[in-house]
Amino acid sequence: MPDITSVINTLDERQPYIALKQAKKSSQLACDNTSIAGSMSQRACVYSGARVALNPVTDAIHLVHGPIGCASYTWDIRGSLSSNKETFRTSFSTDMKELDVVFGGEKKLSKCIDELVELYNPPVIFVYSTCIVGIIGDDLEAVCKEATERVGIPVLPVKSEGFKGTKSDGYKAACNALMHLVGTKEPEITSEYRINILGDYNVAGDVWLVKPLFEKMGVQVITSMTGDATADSISKAHGAQLNLVQCSGSMTFLAKWMKKEFGIPFRKVSYFGIEDLAIALRTVAEFFDSEEMMKTAEELIEHETKRIMPEIEAIRNRLQGKTAAIYMGGAAKALTLIKGFRELGMEVVIIGTQTGKRDDYKQISYQVKDGTVIVDDANPLELADLLVKQKADLMVAGVKERFLAYKLGVAFCDFNHDRVIEFEGYDGFLNFARELDASINSPVWKYVGSKLGDSSSGSTETKNTIKSAEQNTAESNKDVGERNNMQDLNTNTLQGSMA
């Protein structure tokens with residue numbers, strides 16, 4: 001594990017959560033704890049974790065029992081796509097008011113369920129509890145059980161009161177709800193080899209680039225949970241012989257339950273990057289112990305790799321030697337990104353997650369080079385400080401970090417829920433490479449320049465470069481003068497604004 005040192009100036013209580021990997025030194029990175037008060041954590045609540053895991057179920061009604069703000073916050077929370085129903089794109093709420101808080105919201109919830117069944121005739125309804133429901137004590141399970149008997153479809157409680165834990169607890173709440181669906185219908189068997197894809201949410205259509213690869217190997221994909229899934233496909237998931245888990249943080253809990261309940265083993269895989277994608281295909285062939293399938297997999301890997309490599313190599317030449325900062329929600333994506341960057345000639349200098357466990361950070365430490373900063377549950381001030389210290393050329397994170405990077409003059413790539421471009425599969429990795437190339441080598445940096453050099457201890461060359469870039473900007477575009485009046489983003493400014 002990396003050595004715990006005072007990498008940046010932050011709260012004393014936060015220092016054990018930020019580490020610098022150094023050779024021949026090891027200690028335990030603090031992680032998997034509740035966020036420290038006052039640290040401005042970017043972690044989401046239990047309810048949000050449950051919602052992001054379940055929301056991509058395309059034909060389900062997602063009913064939020066609580067104030068309207070909770071439903072608004074998570075409306076269309078993932079950029080998940082559907083090949084059929086679009087019901088999941090509409091957000092429903094019981095819209096609890098002051099009187100509901102005083103007198104209880106059970107009757108209102110029951111009435112909402114009846115109305116939604118009449119209007120939409122859904123195959124399943126997920127009912128999410130929020131903070132206020134946990135405080136006033138509405139019996140969500142009793143209302144849902146009675147409604148199931150009354151309307152004739154599964155009305156499933158998702159016990160996701162936001163205050164009772166972290167986003168990871170929300171994943172478990174989502175898995176508990178899915179357990180009530182799995183195994184309720186018999187699957188249609190079309191192949192002697194059958195799998196489920198767990199922990200893929202079909203963001204921008206990712207699943208549609210992965211599923212055909214397995215089908216070419218003669219493998220039937222019964223369902224993907226929960227990207228592009230339906231209530232019907234989930235109910236037949238017990239017909240699989242193997243579960244492939246990609247987002248381990250959100251779906252390992254369900255995979256373990258299915259192993260115990262139905263005897264279905266699982267393997268952790270990734271569909272991002274040339275190396276990890278090849279490992280995923282070979283893992284399936286090895287599991288089924290089929291020489292023919294393994295031969296097909298190897299031919300598929302060779303063909304697809306040769307197809308995309310000419311452009312990948314051209315992009316690699318333009319990205320060679322660049323450095324990257326990674327900040328993800330879960331560790332699985334962070335780990336696979338390290339390999340992806342190396343395949344493009346880049347090195348990671350900052351890597352962090354919101355929900356990583358101790359074993360996750362051990363794996364990360366083995367993958368990154370000495371001098372890399374590893375951080376758990378970072379806040380915007382810490383991320384800005386780290387970008388300045390490590391001088392990253394690119395940041396890969398979620399939409400919240402986009403503006404942080406841009407204001408520091410750092411290229412950015414959205415790897416999270418809001419992207420509209422597929423990053424999985426062979427074509428997806430090519431899309432990712434193109435995205436990095438376009439962002440890092442954008443002509444805009446010739447005019448805007450990077451502000452990372454401003455905080456260096458004597459980088460006159462960098463400062464001169466920035467000054468020259470700003471002069472060119474002013475000459476070429478008078479409107480850019482407005483930018484000079486804007487507040488530059490640096491650590492002192494952030495500290496002042498957060499005080």
# chains A, B, ... in the order shown; residues from 1 in each chain; ligands from 1

$ select_by_dssp --residues "region 207-397 of chain A" --states "strand (DSSP E or B)" --output "number ranges by chain"
A: 220-226, 242-245, 266-268, 323-328, 347-353, 373-376, 394-397

$ residues_around --residues "region 286-294 of chain A" --least-positions-apart "4" --cutoff "12 Å" --atoms "only C-alpha atoms" --output "short mmCIF file (atom, residue, chain, number, x, y, z; two decimals) with all heavy atoms, in the first residue's frame"
data_model
loop_
_atom_site.label_atom_id
_atom_site.label_comp_id
_atom_site.auth_asym_id
_atom_site.auth_seq_id
_atom_site.Cartn_x
_atom_site.Cartn_y
_atom_site.Cartn_z
N GLU A 192 -26.94 -23.82 -25.06
CA GLU A 192 -26.48 -24.59 -23.91
C GLU A 192 -25.53 -23.77 -23.04
O GLU A 192 -25.17 -24.20 -21.94
CB GLU A 192 -25.79 -25.86 -24.37
CG GLU A 192 -24.57 -25.65 -25.25
CD GLU A 192 -23.90 -26.96 -25.63
OE1 GLU A 192 -23.70 -27.80 -24.72
OE2 GLU A 192 -23.60 -27.14 -26.82
N TYR A 193 -25.14 -22.58 -23.52
CA TYR A 193 -24.26 -21.69 -22.76
C TYR A 193 -25.01 -20.39 -22.47
O TYR A 193 -25.40 -19.68 -23.40
CB TYR A 193 -22.98 -21.39 -23.54
CG TYR A 193 -22.28 -22.64 -24.05
CD1 TYR A 193 -22.18 -22.87 -25.42
CD2 TYR A 193 -21.73 -23.56 -23.17
CE1 TYR A 193 -21.54 -24.01 -25.90
CE2 TYR A 193 -21.09 -24.70 -23.63
CZ TYR A 193 -21.00 -24.92 -25.00
OH TYR A 193 -20.37 -26.05 -25.47
N ARG A 194 -25.17 -20.07 -21.18
CA ARG A 194 -26.02 -18.91 -20.83
C ARG A 194 -25.35 -18.08 -19.72
O ARG A 194 -24.83 -18.64 -18.74
CB ARG A 194 -27.39 -19.39 -20.37
CG ARG A 194 -28.11 -20.23 -21.41
CD ARG A 194 -29.45 -20.73 -20.91
NE ARG A 194 -29.35 -21.58 -19.72
CZ ARG A 194 -29.00 -22.87 -19.75
NH1 ARG A 194 -28.71 -23.46 -20.91
NH2 ARG A 194 -28.95 -23.59 -18.64
N ILE A 195 -25.41 -16.77 -19.88
CA ILE A 195 -24.82 -15.85 -18.90
C ILE A 195 -25.77 -14.70 -18.61
O ILE A 195 -26.71 -14.43 -19.36
CB ILE A 195 -23.47 -15.28 -19.37
CG1 ILE A 195 -23.68 -14.38 -20.62
CG2 ILE A 195 -22.45 -16.37 -19.64
CD1 ILE A 195 -22.45 -13.59 -21.02
N LEU A 213 -20.76 -9.66 -28.92
CA LEU A 213 -19.51 -10.41 -28.86
C LEU A 213 -19.74 -11.79 -28.25
O LEU A 213 -19.22 -12.80 -28.74
CB LEU A 213 -18.47 -9.63 -28.04
CG LEU A 213 -18.06 -8.26 -28.60
CD1 LEU A 213 -17.11 -7.56 -27.63
CD2 LEU A 213 -17.40 -8.40 -29.97
N PHE A 214 -20.52 -11.83 -27.18
CA PHE A 214 -20.83 -13.12 -26.55
C PHE A 214 -21.73 -13.97 -27.44
O PHE A 214 -21.57 -15.19 -27.51
CB PHE A 214 -21.48 -12.90 -25.19
CG PHE A 214 -20.55 -12.31 -24.16
CD1 PHE A 214 -20.80 -11.06 -23.62
CD2 PHE A 214 -19.43 -13.00 -23.75
CE1 PHE A 214 -19.95 -10.51 -22.67
CE2 PHE A 214 -18.57 -12.47 -22.80
CZ PHE A 214 -18.83 -11.22 -22.27
N GLU A 215 -22.64 -13.33 -28.12
CA GLU A 215 -23.54 -14.08 -29.01
C GLU A 215 -22.78 -14.70 -30.16
O GLU A 215 -23.12 -15.81 -30.61
CB GLU A 215 -24.65 -13.15 -29.51
CG GLU A 215 -25.62 -12.73 -28.40
CD GLU A 215 -26.64 -11.71 -28.85
OE1 GLU A 215 -26.39 -11.04 -29.88
OE2 GLU A 215 -27.67 -11.56 -28.17
N LYS A 216 -21.74 -14.03 -30.65
CA LYS A 216 -20.91 -14.62 -31.70
C LYS A 216 -20.15 -15.85 -31.20
O LYS A 216 -19.77 -16.71 -31.99
CB LYS A 216 -19.91 -13.57 -32.22
CG LYS A 216 -20.55 -12.48 -33.06
CD LYS A 216 -19.53 -11.46 -33.51
CE LYS A 216 -20.20 -10.35 -34.32
NZ LYS A 216 -19.21 -9.31 -34.73
N MET A 217 -19.96 -15.92 -29.90
CA MET A 217 -19.30 -17.08 -29.30
C MET A 217 -20.29 -18.20 -28.99
O MET A 217 -19.91 -19.23 -28.43
CB MET A 217 -18.58 -16.66 -28.01
CG MET A 217 -17.40 -15.72 -28.24
SD MET A 217 -16.83 -14.92 -26.72
CE MET A 217 -16.51 -16.32 -25.66
N GLY A 218 -21.56 -17.98 -29.33
CA GLY A 218 -22.59 -18.99 -29.08
C GLY A 218 -23.18 -18.94 -27.69
O GLY A 218 -23.78 -19.92 -27.23
N VAL A 219 -23.04 -17.80 -27.01
CA VAL A 219 -23.52 -17.65 -25.64
C VAL A 219 -24.81 -16.84 -25.62
O VAL A 219 -24.89 -15.76 -26.24
CB VAL A 219 -22.45 -16.97 -24.76
CG1 VAL A 219 -22.98 -16.77 -23.33
CG2 VAL A 219 -21.16 -17.77 -24.74
N GLN A 241 -26.01 -19.73 -16.35
CA GLN A 241 -25.03 -20.62 -15.72
C GLN A 241 -23.85 -19.86 -15.14
O GLN A 241 -23.06 -20.40 -14.37
CB GLN A 241 -24.52 -21.64 -16.75
CG GLN A 241 -25.61 -22.55 -17.30
CD GLN A 241 -25.29 -23.02 -18.71
OE1 GLN A 241 -25.06 -22.22 -19.62
NE2 GLN A 241 -25.24 -24.33 -18.89
N LEU A 242 -23.74 -18.58 -15.53
CA LEU A 242 -22.63 -17.76 -15.06
C LEU A 242 -23.06 -16.30 -15.02
O LEU A 242 -23.73 -15.82 -15.93
CB LEU A 242 -21.42 -17.91 -16.01
CG LEU A 242 -20.21 -17.01 -15.74
CD1 LEU A 242 -19.53 -17.39 -14.42
CD2 LEU A 242 -19.21 -17.08 -16.90
N ASN A 243 -22.68 -15.61 -13.96
CA ASN A 243 -22.89 -14.17 -13.86
C ASN A 243 -21.57 -13.44 -14.06
O ASN A 243 -20.58 -13.76 -13.39
CB ASN A 243 -23.47 -13.79 -12.49
CG ASN A 243 -24.95 -14.09 -12.38
OD1 ASN A 243 -25.69 -13.97 -13.36
ND2 ASN A 243 -25.39 -14.48 -11.20
N LEU A 244 -21.55 -12.50 -14.99
CA LEU A 244 -20.38 -11.64 -15.19
C LEU A 244 -20.64 -10.30 -14.52
O LEU A 244 -21.59 -9.60 -14.88
CB LEU A 244 -20.11 -11.43 -16.68
CG LEU A 244 -19.76 -12.68 -17.50
CD1 LEU A 244 -19.50 -12.29 -18.95
CD2 LEU A 244 -18.55 -13.40 -16.92
N ILE A 264 -25.39 -20.27 -9.00
CA ILE A 264 -24.78 -19.65 -10.19
C ILE A 264 -23.48 -18.95 -9.77
O ILE A 264 -23.52 -17.98 -9.01
CB ILE A 264 -25.73 -18.62 -10.83
CG1 ILE A 264 -27.08 -19.28 -11.17
CG2 ILE A 264 -25.09 -18.03 -12.08
CD1 ILE A 264 -28.12 -18.29 -11.66
N PRO A 265 -22.33 -19.40 -10.23
CA PRO A 265 -21.07 -18.72 -9.90
C PRO A 265 -20.95 -17.39 -10.62
O PRO A 265 -21.71 -17.10 -11.56
CB PRO A 265 -20.01 -19.71 -10.40
CG PRO A 265 -20.67 -20.45 -11.49
CD PRO A 265 -22.13 -20.55 -11.12
N PHE A 266 -20.02 -16.57 -10.18
CA PHE A 266 -19.82 -15.28 -10.85
C PHE A 266 -18.33 -15.00 -11.03
O PHE A 266 -17.49 -15.53 -10.30
CB PHE A 266 -20.50 -14.14 -10.08
CG PHE A 266 -19.89 -13.83 -8.74
CD1 PHE A 266 -18.89 -12.87 -8.61
CD2 PHE A 266 -20.32 -14.48 -7.59
CE1 PHE A 266 -18.33 -12.57 -7.38
CE2 PHE A 266 -19.77 -14.20 -6.35
CZ PHE A 266 -18.77 -13.23 -6.24
N ARG A 267 -18.03 -14.16 -12.04
CA ARG A 267 -16.68 -13.71 -12.30
C ARG A 267 -16.70 -12.20 -12.47
O ARG A 267 -17.62 -11.66 -13.08
CB ARG A 267 -16.11 -14.35 -13.58
CG ARG A 267 -16.07 -15.87 -13.57
CD ARG A 267 -14.97 -16.41 -12.69
NE ARG A 267 -14.84 -17.86 -12.84
CZ ARG A 267 -15.53 -18.74 -12.12
NH1 ARG A 267 -16.41 -18.31 -11.21
NH2 ARG A 267 -15.36 -20.04 -12.32
N ALA A 278 -10.49 -8.69 -23.81
CA ALA A 278 -10.01 -10.02 -24.18
C ALA A 278 -10.09 -10.98 -23.00
O ALA A 278 -10.47 -12.14 -23.15
CB ALA A 278 -8.57 -9.93 -24.69
N ILE A 279 -9.75 -10.47 -21.81
CA ILE A 279 -9.83 -11.31 -20.61
C ILE A 279 -11.27 -11.74 -20.36
O ILE A 279 -11.54 -12.89 -20.00
CB ILE A 279 -9.28 -10.54 -19.39
CG1 ILE A 279 -7.77 -10.36 -19.52
CG2 ILE A 279 -9.62 -11.27 -18.09
CD1 ILE A 279 -7.16 -9.46 -18.45
N ALA A 280 -12.23 -10.82 -20.56
CA ALA A 280 -13.65 -11.14 -20.33
C ALA A 280 -14.12 -12.24 -21.27
O ALA A 280 -14.81 -13.19 -20.85
CB ALA A 280 -14.50 -9.88 -20.50
N LEU A 281 -13.76 -12.15 -22.55
CA LEU A 281 -14.19 -13.16 -23.52
C LEU A 281 -13.56 -14.52 -23.22
O LEU A 281 -14.21 -15.56 -23.28
CB LEU A 281 -13.83 -12.71 -24.93
CG LEU A 281 -14.48 -11.40 -25.42
CD1 LEU A 281 -14.03 -11.07 -26.83
CD2 LEU A 281 -16.00 -11.47 -25.35
N ARG A 282 -12.27 -14.50 -22.87
CA ARG A 282 -11.59 -15.76 -22.55
C ARG A 282 -12.13 -16.37 -21.25
O ARG A 282 -12.19 -17.59 -21.11
CB ARG A 282 -10.09 -15.51 -22.44
CG ARG A 282 -9.42 -15.23 -23.77
CD ARG A 282 -7.97 -14.87 -23.62
NE ARG A 282 -7.33 -14.59 -24.91
CZ ARG A 282 -6.49 -13.59 -25.12
NH1 ARG A 282 -6.18 -12.77 -24.13
NH2 ARG A 282 -5.96 -13.40 -26.32
N GLU A 298 -10.77 -16.35 -29.54
CA GLU A 298 -9.45 -15.91 -29.98
C GLU A 298 -9.51 -15.27 -31.36
O GLU A 298 -8.85 -14.25 -31.62
CB GLU A 298 -8.46 -17.09 -29.99
CG GLU A 298 -8.15 -17.66 -28.61
CD GLU A 298 -7.45 -16.67 -27.71
OE1 GLU A 298 -6.91 -15.66 -28.21
OE2 GLU A 298 -7.44 -16.90 -26.49
N GLU A 299 -10.30 -15.86 -32.25
CA GLU A 299 -10.46 -15.28 -33.59
C GLU A 299 -11.13 -13.92 -33.51
O GLU A 299 -10.75 -12.98 -34.23
CB GLU A 299 -11.29 -16.23 -34.47
CG GLU A 299 -10.57 -17.52 -34.83
CD GLU A 299 -11.48 -18.50 -35.56
OE1 GLU A 299 -12.70 -18.22 -35.63
OE2 GLU A 299 -10.97 -19.53 -36.05
N LEU A 300 -12.11 -13.81 -32.63
CA LEU A 300 -12.83 -12.54 -32.44
C LEU A 300 -11.90 -11.48 -31.88
O LEU A 300 -11.88 -10.32 -32.36
CB LEU A 300 -14.01 -12.77 -31.50
CG LEU A 300 -15.09 -11.70 -31.40
CD1 LEU A 300 -15.73 -11.42 -32.75
CD2 LEU A 300 -16.15 -12.13 -30.39
N ILE A 301 -11.10 -11.85 -30.90
CA ILE A 301 -10.15 -10.90 -30.29
C ILE A 301 -9.14 -10.43 -31.32
O ILE A 301 -8.85 -9.23 -31.43
CB ILE A 301 -9.44 -11.57 -29.09
CG1 ILE A 301 -10.43 -11.82 -27.95
CG2 ILE A 301 -8.28 -10.72 -28.61
CD1 ILE A 301 -9.91 -12.74 -26.87
#

$ residues_around --residues "Leu140 (chain A)" --least-positions-apart "6" --cutoff "9 Å" --atoms "only C-alpha atoms" --output "list in words"
His65, Glu106, Leu109, Val127, Tyr128, Ser129, Val133, Pro157, Val158 and Lys159 of chain A

$ atom_distance --atom1 "CA of Tyr361 (chain A)" --atom2 "CA of Ala173 (chain A)"
24.4 Å

$ closest_atom_pairs --of "region 98-171 of chain A" --to "region 75-90 of chain A" --cutoff "12 Å" --atoms "only C-alpha atoms" --output "Markdown table"
| residue | atom | partner | partner_atom | distance |
| --- | --- | --- | --- | --- |
| A:Leu116 | CA | A:Thr87 | CA | 11.4 |
| A:Leu119 | CA | A:Thr87 | CA | 11.6 |
| A:Tyr120 | CA | A:Thr87 | CA | 8.5 |
| A:Asn121 | CA | A:Thr87 | CA | 10.6 |
| A:Pro122 | CA | A:Thr87 | CA | 8.6 |
| A:Pro123 | CA | A:Thr87 | CA | 10.8 |
| A:Val124 | CA | A:Thr87 | CA | 11.1 |
| A:Ile125 | CA | A:Phe88 | CA | 10.5 |
| A:Phe126 | CA | A:Phe88 | CA | 10.7 |
